[in-house]
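Structure file input.cif with mmCIF, N, CA and C atoms:
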```
data_final
#
loop_
_atom_site.label_atom_id
_atom_site.label_comp_id
_atom_site.auth_asym_id
_atom_site.auth_seq_id
_atom_site.Cartn_x
_atom_site.Cartn_y
_atom_site.Cartn_z
N MET A 1 89.65 7.73 146.08
CA MET A 1 90.35 7.40 144.85
C MET A 1 89.35 6.84 143.86
N ALA A 2 89.49 7.22 142.62
CA ALA A 2 88.58 6.75 141.58
C ALA A 2 88.88 5.29 141.24
N ALA A 3 87.87 4.62 140.73
CA ALA A 3 88.04 3.22 140.34
C ALA A 3 89.00 3.13 139.16
N LEU A 4 89.80 2.09 139.16
CA LEU A 4 90.82 1.94 138.14
C LEU A 4 90.28 1.34 136.84
N GLY A 5 89.23 0.60 136.91
CA GLY A 5 88.72 -0.06 135.72
C GLY A 5 89.42 -1.38 135.51
N SER A 6 89.31 -1.90 134.34
CA SER A 6 89.87 -3.20 134.01
C SER A 6 91.37 -3.09 133.69
N PRO A 7 92.17 -4.05 134.18
CA PRO A 7 93.60 -4.03 133.81
C PRO A 7 93.81 -4.19 132.31
N LEU A 8 92.94 -4.94 131.65
CA LEU A 8 93.06 -5.11 130.20
C LEU A 8 92.83 -3.78 129.48
N ARG A 9 91.89 -3.00 129.96
CA ARG A 9 91.63 -1.69 129.36
C ARG A 9 92.83 -0.76 129.55
N THR A 10 93.45 -0.83 130.72
CA THR A 10 94.64 -0.02 130.98
C THR A 10 95.78 -0.46 130.07
N LEU A 11 95.96 -1.77 129.92
CA LEU A 11 97.01 -2.28 129.05
C LEU A 11 96.78 -1.83 127.60
N ARG A 12 95.57 -1.93 127.12
CA ARG A 12 95.26 -1.50 125.76
C ARG A 12 95.51 0.00 125.58
N GLY A 13 95.16 0.77 126.60
CA GLY A 13 95.41 2.21 126.53
C GLY A 13 96.90 2.52 126.47
N LEU A 14 97.70 1.82 127.28
CA LEU A 14 99.15 2.01 127.23
C LEU A 14 99.72 1.64 125.86
N LEU A 15 99.27 0.54 125.32
CA LEU A 15 99.77 0.13 124.01
C LEU A 15 99.33 1.11 122.92
N ARG A 16 98.16 1.68 123.05
CA ARG A 16 97.69 2.68 122.08
C ARG A 16 98.58 3.93 122.14
N GLU A 17 98.93 4.36 123.35
CA GLU A 17 99.79 5.53 123.48
C GLU A 17 101.19 5.24 122.94
N LEU A 18 101.69 4.02 123.16
CA LEU A 18 102.98 3.65 122.59
C LEU A 18 102.93 3.66 121.07
N ARG A 19 101.80 3.25 120.50
CA ARG A 19 101.64 3.27 119.06
C ARG A 19 101.64 4.70 118.53
N TYR A 20 101.01 5.64 119.28
CA TYR A 20 101.02 7.04 118.87
C TYR A 20 102.45 7.59 118.86
N VAL A 21 103.24 7.19 119.85
CA VAL A 21 104.61 7.72 119.97
C VAL A 21 105.54 7.06 118.97
N SER A 22 105.46 5.74 118.82
CA SER A 22 106.45 5.00 118.05
C SER A 22 106.04 4.72 116.61
N GLY A 23 104.80 4.88 116.28
CA GLY A 23 104.36 4.57 114.93
C GLY A 23 104.03 3.09 114.78
N ARG A 24 104.09 2.61 113.55
CA ARG A 24 103.68 1.24 113.27
C ARG A 24 104.60 0.19 113.87
N ALA A 25 105.85 0.53 114.10
CA ALA A 25 106.83 -0.44 114.61
C ALA A 25 106.89 -0.43 116.14
N TYR A 26 105.78 -0.13 116.79
CA TYR A 26 105.79 -0.03 118.24
C TYR A 26 106.04 -1.37 118.91
N ARG A 27 105.77 -2.48 118.23
CA ARG A 27 105.98 -3.79 118.84
C ARG A 27 107.45 -4.17 118.94
N ASP A 28 108.30 -3.44 118.26
CA ASP A 28 109.73 -3.70 118.31
C ASP A 28 110.44 -2.90 119.40
N THR A 29 109.71 -2.10 120.16
CA THR A 29 110.34 -1.24 121.16
C THR A 29 110.50 -1.97 122.49
N ALA A 30 111.46 -1.50 123.26
CA ALA A 30 111.70 -2.07 124.59
C ALA A 30 110.53 -1.76 125.53
N ALA A 31 109.90 -0.60 125.35
CA ALA A 31 108.77 -0.23 126.20
C ALA A 31 107.61 -1.21 126.03
N TYR A 32 107.34 -1.60 124.80
CA TYR A 32 106.27 -2.56 124.52
C TYR A 32 106.54 -3.89 125.21
N ARG A 33 107.77 -4.38 125.04
CA ARG A 33 108.12 -5.66 125.66
C ARG A 33 108.06 -5.57 127.19
N HIS A 34 108.49 -4.45 127.75
CA HIS A 34 108.47 -4.29 129.21
C HIS A 34 107.04 -4.26 129.75
N VAL A 35 106.17 -3.52 129.09
CA VAL A 35 104.78 -3.41 129.56
C VAL A 35 104.10 -4.77 129.51
N LEU A 36 104.26 -5.50 128.42
CA LEU A 36 103.64 -6.82 128.32
C LEU A 36 104.22 -7.79 129.35
N ALA A 37 105.52 -7.77 129.55
CA ALA A 37 106.14 -8.67 130.54
C ALA A 37 105.66 -8.34 131.94
N ALA A 38 105.53 -7.06 132.27
CA ALA A 38 105.07 -6.68 133.60
C ALA A 38 103.63 -7.12 133.83
N PHE A 39 102.77 -6.92 132.85
CA PHE A 39 101.37 -7.34 133.00
C PHE A 39 101.25 -8.86 133.09
N ARG A 40 102.06 -9.57 132.33
CA ARG A 40 102.02 -11.04 132.41
C ARG A 40 102.54 -11.54 133.74
N ALA A 41 103.55 -10.90 134.27
CA ALA A 41 104.14 -11.34 135.54
C ALA A 41 103.23 -11.06 136.72
N HIS A 42 102.35 -10.09 136.62
CA HIS A 42 101.51 -9.69 137.75
C HIS A 42 100.05 -10.08 137.59
N ARG A 43 99.75 -10.98 136.71
CA ARG A 43 98.35 -11.37 136.55
C ARG A 43 97.96 -12.39 137.63
N VAL A 44 96.68 -12.47 137.89
CA VAL A 44 96.16 -13.39 138.89
C VAL A 44 95.95 -14.75 138.24
N THR A 45 96.45 -15.78 138.87
CA THR A 45 96.25 -17.13 138.36
C THR A 45 95.35 -17.88 139.35
N SER A 46 94.98 -19.09 138.99
CA SER A 46 94.14 -19.88 139.89
C SER A 46 94.95 -20.40 141.07
N GLU A 47 96.27 -20.43 140.97
CA GLU A 47 97.10 -20.98 142.02
C GLU A 47 97.48 -19.96 143.08
N LYS A 48 97.53 -18.68 142.70
CA LYS A 48 97.95 -17.68 143.68
C LYS A 48 97.24 -16.37 143.39
N LEU A 49 97.15 -15.56 144.41
CA LEU A 49 96.61 -14.21 144.28
C LEU A 49 97.79 -13.25 144.43
N CYS A 50 98.07 -12.52 143.39
CA CYS A 50 99.23 -11.64 143.40
C CYS A 50 98.85 -10.31 144.05
N ARG A 51 99.50 -9.98 145.15
CA ARG A 51 99.21 -8.73 145.84
C ARG A 51 99.68 -7.52 145.05
N ALA A 52 100.71 -7.71 144.28
CA ALA A 52 101.28 -6.58 143.54
C ALA A 52 100.47 -6.21 142.31
N GLN A 53 99.43 -6.98 141.99
CA GLN A 53 98.66 -6.68 140.79
C GLN A 53 97.99 -5.31 140.90
N GLN A 54 97.40 -5.01 142.04
CA GLN A 54 96.74 -3.71 142.20
C GLN A 54 97.76 -2.58 142.13
N GLU A 55 98.94 -2.82 142.70
CA GLU A 55 99.98 -1.80 142.65
C GLU A 55 100.43 -1.56 141.21
N LEU A 56 100.65 -2.64 140.47
CA LEU A 56 101.04 -2.50 139.07
C LEU A 56 99.95 -1.80 138.27
N HIS A 57 98.70 -2.17 138.52
CA HIS A 57 97.59 -1.57 137.79
C HIS A 57 97.51 -0.07 138.09
N PHE A 58 97.70 0.31 139.34
CA PHE A 58 97.67 1.72 139.70
C PHE A 58 98.81 2.48 139.01
N GLN A 59 100.02 1.91 139.03
CA GLN A 59 101.15 2.56 138.36
C GLN A 59 100.93 2.64 136.85
N ALA A 60 100.38 1.61 136.26
CA ALA A 60 100.12 1.62 134.82
C ALA A 60 99.07 2.67 134.47
N ALA A 61 98.02 2.78 135.29
CA ALA A 61 96.98 3.77 135.03
C ALA A 61 97.54 5.19 135.19
N THR A 62 98.43 5.38 136.15
CA THR A 62 99.06 6.69 136.34
C THR A 62 99.95 7.03 135.15
N TYR A 63 100.71 6.05 134.68
CA TYR A 63 101.58 6.28 133.53
C TYR A 63 100.76 6.54 132.27
N LEU A 64 99.65 5.85 132.12
CA LEU A 64 98.76 6.08 130.98
C LEU A 64 98.22 7.51 131.01
N CYS A 65 97.84 7.97 132.19
CA CYS A 65 97.36 9.34 132.32
C CYS A 65 98.45 10.34 131.93
N LEU A 66 99.69 10.06 132.34
CA LEU A 66 100.81 10.93 131.98
C LEU A 66 101.02 10.95 130.48
N LEU A 67 101.02 9.79 129.83
CA LEU A 67 101.24 9.73 128.39
C LEU A 67 100.15 10.48 127.62
N ARG A 68 98.91 10.28 128.03
CA ARG A 68 97.80 10.98 127.36
C ARG A 68 97.90 12.48 127.56
N SER A 69 98.23 12.90 128.77
CA SER A 69 98.32 14.32 129.07
C SER A 69 99.44 14.99 128.28
N VAL A 70 100.58 14.31 128.16
CA VAL A 70 101.69 14.86 127.40
C VAL A 70 101.31 14.99 125.93
N ARG A 71 100.65 13.97 125.38
CA ARG A 71 100.23 14.03 123.98
C ARG A 71 99.23 15.16 123.75
N GLN A 72 98.27 15.31 124.66
CA GLN A 72 97.28 16.38 124.52
C GLN A 72 97.93 17.76 124.67
N HIS A 73 98.89 17.87 125.59
CA HIS A 73 99.59 19.13 125.78
C HIS A 73 100.36 19.51 124.52
N GLN A 74 101.03 18.54 123.90
CA GLN A 74 101.77 18.82 122.68
C GLN A 74 100.84 19.26 121.56
N ALA A 75 99.67 18.64 121.47
CA ALA A 75 98.70 19.03 120.44
C ALA A 75 98.21 20.46 120.67
N LEU A 76 97.93 20.80 121.92
CA LEU A 76 97.51 22.18 122.23
C LEU A 76 98.63 23.17 121.96
N HIS A 77 99.84 22.78 122.30
CA HIS A 77 100.99 23.66 122.09
C HIS A 77 101.20 23.93 120.60
N ARG A 78 101.08 22.89 119.78
CA ARG A 78 101.21 23.08 118.33
C ARG A 78 100.09 23.98 117.79
N GLU A 79 98.90 23.83 118.37
CA GLU A 79 97.75 24.58 117.87
C GLU A 79 97.83 26.07 118.20
N TYR A 80 98.23 26.41 119.42
CA TYR A 80 98.08 27.79 119.88
C TYR A 80 99.39 28.53 120.11
N HIS A 81 100.53 27.92 119.91
CA HIS A 81 101.78 28.59 120.23
C HIS A 81 102.62 28.83 118.98
N GLY A 82 103.37 29.92 119.02
CA GLY A 82 104.41 30.14 118.04
C GLY A 82 103.98 30.66 116.68
N ARG A 83 102.85 31.27 116.57
CA ARG A 83 102.45 31.82 115.28
C ARG A 83 102.69 33.33 115.20
N GLY A 84 103.18 33.90 116.25
CA GLY A 84 103.42 35.34 116.24
C GLY A 84 102.15 36.12 116.48
N GLU A 85 102.12 37.33 115.99
CA GLU A 85 100.98 38.21 116.18
C GLU A 85 99.81 37.75 115.32
N ARG A 86 98.63 37.75 115.89
CA ARG A 86 97.42 37.35 115.16
C ARG A 86 96.52 38.56 114.97
N SER A 87 95.73 38.50 113.93
CA SER A 87 94.78 39.58 113.69
C SER A 87 93.61 39.46 114.67
N PRO A 88 92.91 40.56 114.91
CA PRO A 88 91.75 40.48 115.82
C PRO A 88 90.68 39.50 115.34
N GLU A 89 90.51 39.38 114.03
CA GLU A 89 89.52 38.45 113.50
C GLU A 89 89.92 37.00 113.80
N GLU A 90 91.22 36.71 113.67
CA GLU A 90 91.69 35.35 113.93
C GLU A 90 91.56 35.01 115.40
N VAL A 91 91.88 35.97 116.29
CA VAL A 91 91.77 35.73 117.73
C VAL A 91 90.30 35.52 118.11
N ALA A 92 89.42 36.32 117.55
CA ALA A 92 87.99 36.16 117.84
C ALA A 92 87.51 34.80 117.37
N GLY A 93 87.98 34.34 116.22
CA GLY A 93 87.59 33.03 115.71
C GLY A 93 88.09 31.89 116.59
N LEU A 94 89.26 32.06 117.21
CA LEU A 94 89.79 31.02 118.08
C LEU A 94 88.90 30.77 119.29
N VAL A 95 88.33 31.83 119.83
CA VAL A 95 87.50 31.67 121.02
C VAL A 95 86.02 31.57 120.69
N GLY A 96 85.68 31.56 119.42
CA GLY A 96 84.29 31.33 119.03
C GLY A 96 83.44 32.57 118.87
N PHE A 97 84.05 33.73 118.73
CA PHE A 97 83.31 34.97 118.55
C PHE A 97 83.45 35.46 117.12
N ARG A 98 82.57 36.39 116.74
CA ARG A 98 82.70 37.09 115.48
C ARG A 98 82.75 38.58 115.79
N LEU A 99 83.59 39.28 115.09
CA LEU A 99 83.65 40.73 115.28
C LEU A 99 82.44 41.38 114.62
N PRO A 100 81.91 42.43 115.21
CA PRO A 100 80.75 43.10 114.60
C PRO A 100 81.15 43.80 113.31
N ARG A 101 80.25 43.80 112.37
CA ARG A 101 80.49 44.47 111.11
C ARG A 101 80.01 45.90 111.20
N GLN A 102 80.79 46.78 110.65
CA GLN A 102 80.40 48.20 110.68
C GLN A 102 79.44 48.52 109.56
N PRO A 103 78.50 49.44 109.79
CA PRO A 103 77.55 49.79 108.73
C PRO A 103 78.29 50.50 107.57
N GLY A 104 77.78 50.33 106.41
CA GLY A 104 78.36 50.98 105.24
C GLY A 104 79.45 50.16 104.60
N GLY A 105 79.65 48.93 105.01
CA GLY A 105 80.63 48.07 104.39
C GLY A 105 82.08 48.35 104.78
N LYS A 106 82.30 49.05 105.91
CA LYS A 106 83.67 49.36 106.31
C LYS A 106 84.34 48.21 107.06
N GLY A 107 83.59 47.22 107.52
CA GLY A 107 84.22 46.20 108.33
C GLY A 107 83.82 44.81 108.04
#
```

Could you show the structure in this file as structure tokens?
Amino acid sequence: MAALGSPLRTLRGLLRELRYVSGRAYRDTAAYRHVLAAFRAHRVTSEKLCRAQQELHFQAATYLCLLRSVRQHQALHREYHGRGERSPEEVAGLVGFRLPRQPGGKG
């Protein structure tokens, strides 16, 4: 299993994804309040070591991966889907190629 990184980094990533979804008023959402409450409830204090912290961190990192993947999928879907038939020049440009030009100015 790959290293999870810092819980603070995971929390910031989750909040960033919530901001992408909800816009500027993301702090007023129930998801924002739930994420912050969960991270506060599972933090390590000097008095106790919370066993569930690693579990919460793993679940949060998994959820962050899901949110990022969904956002990236939607961006790709908007970019490449639903435009109908494309010209050969446009298709070649999408994959980084150029069509050869015919001699005599025909192409």

Evaluated on this file, the PyMOL selection byres (((chain A and resi 59 and name CA) around 12) and name CA) picks out some residues - which ones are they, written as a PyMOL selection string? chain A and resi 4+7+10-11+14+35+38-39+52-58+60-66

If I take atom CA of A:Gly13 and atom CA of A:Leu76, how far is one from the other in Å, to one decimal?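 Straight-line distance from atom CA of A:Gly13 to atom CA of A:Leu76 works out to 20.5 Å.
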
Could you pull out the residues in stretch 27-86 of chain A that DSSP calls alpha helix (DSSP H) from the backbone, as an NGL selection string? :A and (30-41 or 52-80)

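In this model, the gap between atom CA of A:Tyr20 and atom CA of A:His42 comes to 25.2 Å.
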
Have a look at atom C of A:Arg43 and atom C of A:Arg68 and let me know their distance in Å, one decimal. 26.8 Å

List the neighbours of A:Val21 out to 12 Å using only C-alpha atoms; skip same-chain residues closer than 2 positions along the sequence, and give me the result as a PyMOL selection string. chain A and resi 14-19+23-27+29+31-32+67-68+70-71+74

Pull N, CA and C atoms from the residues just selected and write them as a short mmCIF file (atom, residue, chain, number, x, y, z; two decimals), in the coordinates of the input.
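Just written: selection.cif:
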```
data_model
loop_
_atom_site.label_atom_id
_atom_site.label_comp_id
_atom_site.auth_asym_id
_atom_site.auth_seq_id
_atom_site.Cartn_x
_atom_site.Cartn_y
_atom_site.Cartn_z
N LEU A 14 97.70 1.82 127.28
CA LEU A 14 99.15 2.01 127.23
C LEU A 14 99.72 1.64 125.86
N LEU A 15 99.27 0.54 125.32
CA LEU A 15 99.77 0.13 124.01
C LEU A 15 99.33 1.11 122.92
N ARG A 16 98.16 1.68 123.05
CA ARG A 16 97.69 2.68 122.08
C ARG A 16 98.58 3.93 122.14
N GLU A 17 98.93 4.36 123.35
CA GLU A 17 99.79 5.53 123.48
C GLU A 17 101.19 5.24 122.94
N LEU A 18 101.69 4.02 123.16
CA LEU A 18 102.98 3.65 122.59
C LEU A 18 102.93 3.66 121.07
N ARG A 19 101.80 3.25 120.50
CA ARG A 19 101.64 3.27 119.06
C ARG A 19 101.64 4.70 118.53
N GLY A 23 104.80 4.88 116.28
CA GLY A 23 104.36 4.57 114.93
C GLY A 23 104.03 3.09 114.78
N ARG A 24 104.09 2.61 113.55
CA ARG A 24 103.68 1.24 113.27
C ARG A 24 104.60 0.19 113.87
N ALA A 25 105.85 0.53 114.10
CA ALA A 25 106.83 -0.44 114.61
C ALA A 25 106.89 -0.43 116.14
N TYR A 26 105.78 -0.13 116.79
CA TYR A 26 105.79 -0.03 118.24
C TYR A 26 106.04 -1.37 118.91
N ARG A 27 105.77 -2.48 118.23
CA ARG A 27 105.98 -3.79 118.84
C ARG A 27 107.45 -4.17 118.94
N THR A 29 109.71 -2.10 120.16
CA THR A 29 110.34 -1.24 121.16
C THR A 29 110.50 -1.97 122.49
N ALA A 31 109.90 -0.60 125.35
CA ALA A 31 108.77 -0.23 126.20
C ALA A 31 107.61 -1.21 126.03
N TYR A 32 107.34 -1.60 124.80
CA TYR A 32 106.27 -2.56 124.52
C TYR A 32 106.54 -3.89 125.21
N LEU A 67 101.02 9.79 129.83
CA LEU A 67 101.24 9.73 128.39
C LEU A 67 100.15 10.48 127.62
N ARG A 68 98.91 10.28 128.03
CA ARG A 68 97.80 10.98 127.36
C ARG A 68 97.90 12.48 127.56
N VAL A 70 100.58 14.31 128.16
CA VAL A 70 101.69 14.86 127.40
C VAL A 70 101.31 14.99 125.93
N ARG A 71 100.65 13.97 125.38
CA ARG A 71 100.23 14.03 123.98
C ARG A 71 99.23 15.16 123.75
N GLN A 74 101.03 18.54 123.90
CA GLN A 74 101.77 18.82 122.68
C GLN A 74 100.84 19.26 121.56
#
```
